[in-house]
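Structure first, commentary second.
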Amino acid sequence: MRKVHLSIVSALFLFLSLSLAAPNAASAACGARPGAAAAAAATTTVWLAGDSTMADPSAACPVGWGTEFDSLFHSNIVVNNLAVAGRSIQTWLYEGNVTSTIGSNGECVLSSTTYSSRWQQVLTGMKAGDYLFIQFGINDGSTTCPRHVGTARYQQLMTTMAQAALARGAHPILLTAVAAITCSGGTAVKNRGFVTQTFAAGAATGAPVIDLQTLSVDYYNSLGLCPNNGDYTSGPVGQFFCNDHTHFEAYGARRIARLVTGALGTQNIPLAGSLL
């Protein structure tokens with residue numbers, strides 16, 4: 001009987017121990033979930049849509065300024081650079097569905113209105129509080145399809161992208177195209193189009209516009225990059241640009257990225273609060 005009594009006592013003790021421990025374990029588990037959710041919510045994704053002047057490099061040169069962007073922010077910011085070399089705003093949005101035929105309206109004919117996988121990735125993954133940076137306008141000026149985009153079409157597509165971000169509670173940031181180095185005597189001058197259309201898309205959606213063309217030209221002048229004899233391989237110009245007048249060495253890409261982050265602060269864009 002003593003052994004039976006001890007067994008019953010032991011069983012009761014074990015039951016009480018488990019009963020008392022279970023709520024604590026459950027509380028710990030419940031406490032972990034909100035913590036993980038809070039950490040996820042604290043992470044903001046910055047989505048970059050653009051061309052080669054923004055894109056990650058496939059070689060030593062060119063290097064897009066978007067490559068340098070992530071390193072300028074605290075760890076709560078994650079940069080997803082989806083810029084692709086050679087793209088207009090339309091070929092970026094409708095990859096593979098923009099034909100080489102110009103329609104009666106002067107625009108490249110679309111074989112399908114299905115969005116590219118990269119834009120679908122943005123539409124699926126972009127959440128409230130994220131940022132979408134949009135910078136095109138270099139390849140769009142082509143006179144031939146598929147890269148050609150008219151001014152009205154450009155404004156329409158940029159507006160559409162900004163509206164998609166707003167619909168998801170994200171923040172669109174529109175940028176004019178970064179300037180190449182073009183000299184008029186001893187002065188660097190502007191050389192990109194679609195500026196009016198970028199500002200118009202910003203006005204239509206309430207999205208801030210960073211005038212990167214003006215910022216970059218002013219910066220080139222501050223560095224004294226003009227006059228230039230066409231040699232892009234040496235000196236200050238060679239340090240900044242690839243062996244052309246358009247694309248950046250890593251050094252130049254870092255400085256253009258700094259122009260963009262500087263504008264975040266100057267224009268009181270909240271993302272500036274996460275800069276290092």
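Residue numbering restarts at 1 for every chain of the structure tokens, chains are lettered A, B, ... in their displayed order, and ligands are numbered from 1 as they appear.
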
request  = Fewer than 6 positions away in the same chain doesn't count, so skip those; otherwise give me all residues within 8 Å of A:Ile181, counting only C-alpha atoms, as a PyMOL selection string.
outcome  = chain A and resi 188-189+217+220+225+245-246

task = Select from stretch 95-250 of chain A everything DSSP, run on the backbone, classes as alpha helix (DSSP H), then give the selection as a PyMOL selection string.
result = chain A and resi 117-125+151-167+195-205+212-223+235-240+250

request  = Record the distance separating atom CA of A:Gln163 and atom CA of A:Ser88, expressed in Å with one decimal.
outcome  =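 Between these atoms lies a distance of 18.7 Å.
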
task = For A:Val78, list every protein, DNA or RNA residue within 7 Å, evaluated using only C-alpha atoms, and leave out those in the same chain fewer than 5 positions away; present the list as a VMD selection string.
result = chain A and resid 44 to 46 70

Same residues, all heavy atoms, output as a compact mmCIF listing (two decimals), in the first residue's frame:
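Contents of again31.txt, freshly written:
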```
# COMPACT_ATOMS: atom_id res chain seq x y z
N THR A 44 11.65 48.26 -43.18
CA THR A 44 11.09 48.97 -44.32
C THR A 44 11.88 48.61 -45.57
O THR A 44 13.11 48.65 -45.56
CB THR A 44 11.15 50.49 -44.10
OG1 THR A 44 10.34 50.84 -42.97
CG2 THR A 44 10.66 51.25 -45.33
N THR A 45 11.19 48.25 -46.64
CA THR A 45 11.85 47.94 -47.90
C THR A 45 11.82 49.15 -48.80
O THR A 45 10.78 49.79 -48.98
CB THR A 45 11.17 46.75 -48.60
OG1 THR A 45 11.21 45.60 -47.75
CG2 THR A 45 11.87 46.42 -49.92
N VAL A 46 12.98 49.46 -49.36
CA VAL A 46 13.09 50.50 -50.37
C VAL A 46 13.23 49.80 -51.71
O VAL A 46 14.22 49.11 -51.97
CB VAL A 46 14.30 51.42 -50.11
CG1 VAL A 46 14.50 52.40 -51.26
CG2 VAL A 46 14.11 52.18 -48.79
N ASP A 70 22.02 50.85 -50.09
CA ASP A 70 21.75 50.07 -48.88
C ASP A 70 22.73 50.42 -47.76
O ASP A 70 22.35 50.49 -46.58
CB ASP A 70 21.81 48.58 -49.20
CG ASP A 70 21.35 47.72 -48.02
OD1 ASP A 70 20.18 47.83 -47.63
OD2 ASP A 70 22.18 46.95 -47.49
```

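From atom CA of A:Ala200 back to atom CA of A:Pro146, the distance works out to 24.0 Å.
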
Which of stretch 87-212 of chain A DSSP labels strand (DSSP E), written as JSON, numbers by chain = {"A": [98, 99, 100, 101, 102, 108, 109, 110, 131, 132, 133, 134, 135, 171, 172, 173, 174, 175, 183, 184, 187, 188, 209, 210]}

Could you save those same residues with N, CA, C and O atoms as a JSON list (two decimals), in the first residue's frame?
```
[["chain", "number", "residue", "atom", "x", "y", "z"],
["A", 98, "VAL", "N", 6.73, 44.58, -75.32],
["A", 98, "VAL", "CA", 6.80, 45.82, -76.09],
["A", 98, "VAL", "C", 7.41, 45.49, -77.44],
["A", 98, "VAL", "O", 8.56, 45.05, -77.52],
["A", 99, "THR", "N", 6.66, 45.69, -78.50],
["A", 99, "THR", "CA", 7.12, 45.30, -79.84],
["A", 99, "THR", "C", 7.98, 46.40, -80.46],
["A", 99, "THR", "O", 8.14, 47.49, -79.91],
["A", 100, "SER", "N", 8.52, 46.10, -81.61],
["A", 100, "SER", "CA", 9.34, 47.06, -82.36],
["A", 100, "SER", "C", 8.50, 47.89, -83.32],
["A", 100, "SER", "O", 9.05, 48.63, -84.14],
["A", 101, "THR", "N", 7.21, 47.77, -83.22],
["A", 101, "THR", "CA", 6.29, 48.48, -84.11],
["A", 101, "THR", "C", 5.75, 49.74, -83.44],
["A", 101, "THR", "O", 5.31, 49.69, -82.29],
["A", 102, "ILE", "N", 5.80, 50.85, -84.15],
["A", 102, "ILE", "CA", 5.21, 52.09, -83.64],
["A", 102, "ILE", "C", 3.78, 52.20, -84.16],
["A", 102, "ILE", "O", 3.53, 52.09, -85.36],
["A", 108, "CYS", "N", 5.06, 52.66, -79.01],
["A", 108, "CYS", "CA", 5.36, 51.26, -79.30],
["A", 108, "CYS", "C", 4.14, 50.40, -78.98],
["A", 108, "CYS", "O", 3.53, 50.55, -77.92],
["A", 109, "VAL", "N", 3.83, 49.49, -79.85],
["A", 109, "VAL", "CA", 2.67, 48.62, -79.68],
["A", 109, "VAL", "C", 2.98, 47.52, -78.67],
["A", 109, "VAL", "O", 4.06, 46.91, -78.71],
["A", 110, "LEU", "N", 2.07, 47.28, -77.75],
["A", 110, "LEU", "CA", 2.21, 46.20, -76.78],
["A", 110, "LEU", "C", 1.54, 44.94, -77.32],
["A", 110, "LEU", "O", 0.39, 44.99, -77.79],
["A", 131, "TYR", "N", 9.01, 52.20, -49.50],
["A", 131, "TYR", "CA", 9.27, 53.29, -50.44],
["A", 131, "TYR", "C", 9.54, 52.72, -51.82],
["A", 131, "TYR", "O", 10.16, 51.66, -51.96],
["A", 132, "LEU", "N", 9.07, 53.44, -52.84],
["A", 132, "LEU", "CA", 9.33, 53.06, -54.23],
["A", 132, "LEU", "C", 9.99, 54.23, -54.94],
["A", 132, "LEU", "O", 9.37, 55.28, -55.13],
["A", 133, "PHE", "N", 11.27, 54.06, -55.31],
["A", 133, "PHE", "CA", 12.00, 55.07, -56.06],
["A", 133, "PHE", "C", 11.91, 54.73, -57.55],
["A", 133, "PHE", "O", 12.22, 53.61, -57.95],
["A", 134, "ILE", "N", 11.51, 55.71, -58.36],
["A", 134, "ILE", "CA", 11.32, 55.50, -59.80],
["A", 134, "ILE", "C", 12.19, 56.49, -60.55],
["A", 134, "ILE", "O", 12.01, 57.70, -60.43],
["A", 135, "GLN", "N", 13.14, 55.99, -61.34],
["A", 135, "GLN", "CA", 14.00, 56.86, -62.13],
["A", 135, "GLN", "C", 14.26, 56.27, -63.52],
["A", 135, "GLN", "O", 14.96, 55.27, -63.66],
["A", 171, "HIS", "N", 5.24, 54.68, -50.13],
["A", 171, "HIS", "CA", 5.57, 56.06, -50.47],
["A", 171, "HIS", "C", 6.36, 56.11, -51.77],
["A", 171, "HIS", "O", 7.53, 55.70, -51.80],
["A", 172, "PRO", "N", 5.79, 56.61, -52.86],
["A", 172, "PRO", "CA", 6.56, 56.75, -54.11],
["A", 172, "PRO", "C", 7.46, 57.98, -54.06],
["A", 172, "PRO", "O", 7.07, 59.03, -53.54],
["A", 173, "ILE", "N", 8.66, 57.84, -54.58],
["A", 173, "ILE", "CA", 9.61, 58.94, -54.73],
["A", 173, "ILE", "C", 10.00, 58.97, -56.21],
["A", 173, "ILE", "O", 10.53, 57.98, -56.73],
["A", 174, "LEU", "N", 9.73, 60.06, -56.90],
["A", 174, "LEU", "CA", 10.02, 60.16, -58.32],
["A", 174, "LEU", "C", 11.32, 60.94, -58.51],
["A", 174, "LEU", "O", 11.58, 61.92, -57.80],
["A", 175, "LEU", "N", 12.12, 60.51, -59.47],
["A", 175, "LEU", "CA", 13.39, 61.17, -59.74],
["A", 175, "LEU", "C", 13.53, 61.51, -61.22],
["A", 175, "LEU", "O", 13.16, 60.70, -62.08],
["A", 183, "CYS", "N", 29.66, 69.07, -71.43],
["A", 183, "CYS", "CA", 30.22, 70.39, -71.13],
["A", 183, "CYS", "C", 29.89, 71.41, -72.22],
["A", 183, "CYS", "O", 29.91, 71.09, -73.42],
["A", 184, "SER", "N", 29.58, 72.59, -71.77],
["A", 184, "SER", "CA", 29.50, 73.75, -72.66],
["A", 184, "SER", "C", 30.61, 74.68, -72.19],
["A", 184, "SER", "O", 30.44, 75.44, -71.23],
["A", 187, "THR", "N", 31.43, 74.66, -68.33],
["A", 187, "THR", "CA", 30.24, 74.43, -67.50],
["A", 187, "THR", "C", 29.55, 73.13, -67.88],
["A", 187, "THR", "O", 29.29, 72.88, -69.06],
["A", 188, "ALA", "N", 29.23, 72.31, -66.89],
["A", 188, "ALA", "CA", 28.42, 71.12, -67.12],
["A", 188, "ALA", "C", 26.97, 71.55, -67.32],
["A", 188, "ALA", "O", 26.48, 72.44, -66.61],
["A", 209, "VAL", "N", 9.32, 64.79, -55.69],
["A", 209, "VAL", "CA", 10.19, 64.61, -56.85],
["A", 209, "VAL", "C", 11.59, 65.09, -56.47],
["A", 209, "VAL", "O", 11.77, 66.23, -56.02],
["A", 210, "ILE", "N", 12.56, 64.21, -56.65],
["A", 210, "ILE", "CA", 13.97, 64.58, -56.47],
["A", 210, "ILE", "C", 14.52, 64.90, -57.85],
["A", 210, "ILE", "O", 14.57, 64.04, -58.73]]
```

Applying 8 Å and only C-alpha atoms, which residues near A:Gly252 remain after dropping the ones on its own chain fewer than 2 positions away? List them as an mmCIF file with C-alpha atoms, in the first residue's frame.
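Heads up, here's the output in out.cif:
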```cif
data_model
loop_
_atom_site.group_PDB
_atom_site.id
_atom_site.type_symbol
_atom_site.label_atom_id
_atom_site.label_comp_id
_atom_site.auth_asym_id
_atom_site.auth_seq_id
_atom_site.Cartn_x
_atom_site.Cartn_y
_atom_site.Cartn_z
ATOM 1 C CA TRP A 65 23.958 54.459 -57.705
ATOM 2 C CA GLN A 239 37.514 58.602 -61.598
ATOM 3 C CA PHE A 240 33.816 59.454 -61.704
ATOM 4 C CA PHE A 241 32.674 57.961 -65.032
ATOM 5 C CA PHE A 248 29.546 55.610 -63.240
ATOM 6 C CA GLU A 249 32.576 54.043 -61.687
ATOM 7 C CA ALA A 250 31.966 52.889 -58.098
ATOM 8 C CA ARG A 254 28.643 56.505 -54.308
ATOM 9 C CA ARG A 255 28.531 60.255 -54.826
ATOM 10 C CA ILE A 256 25.293 60.144 -56.796
#
```
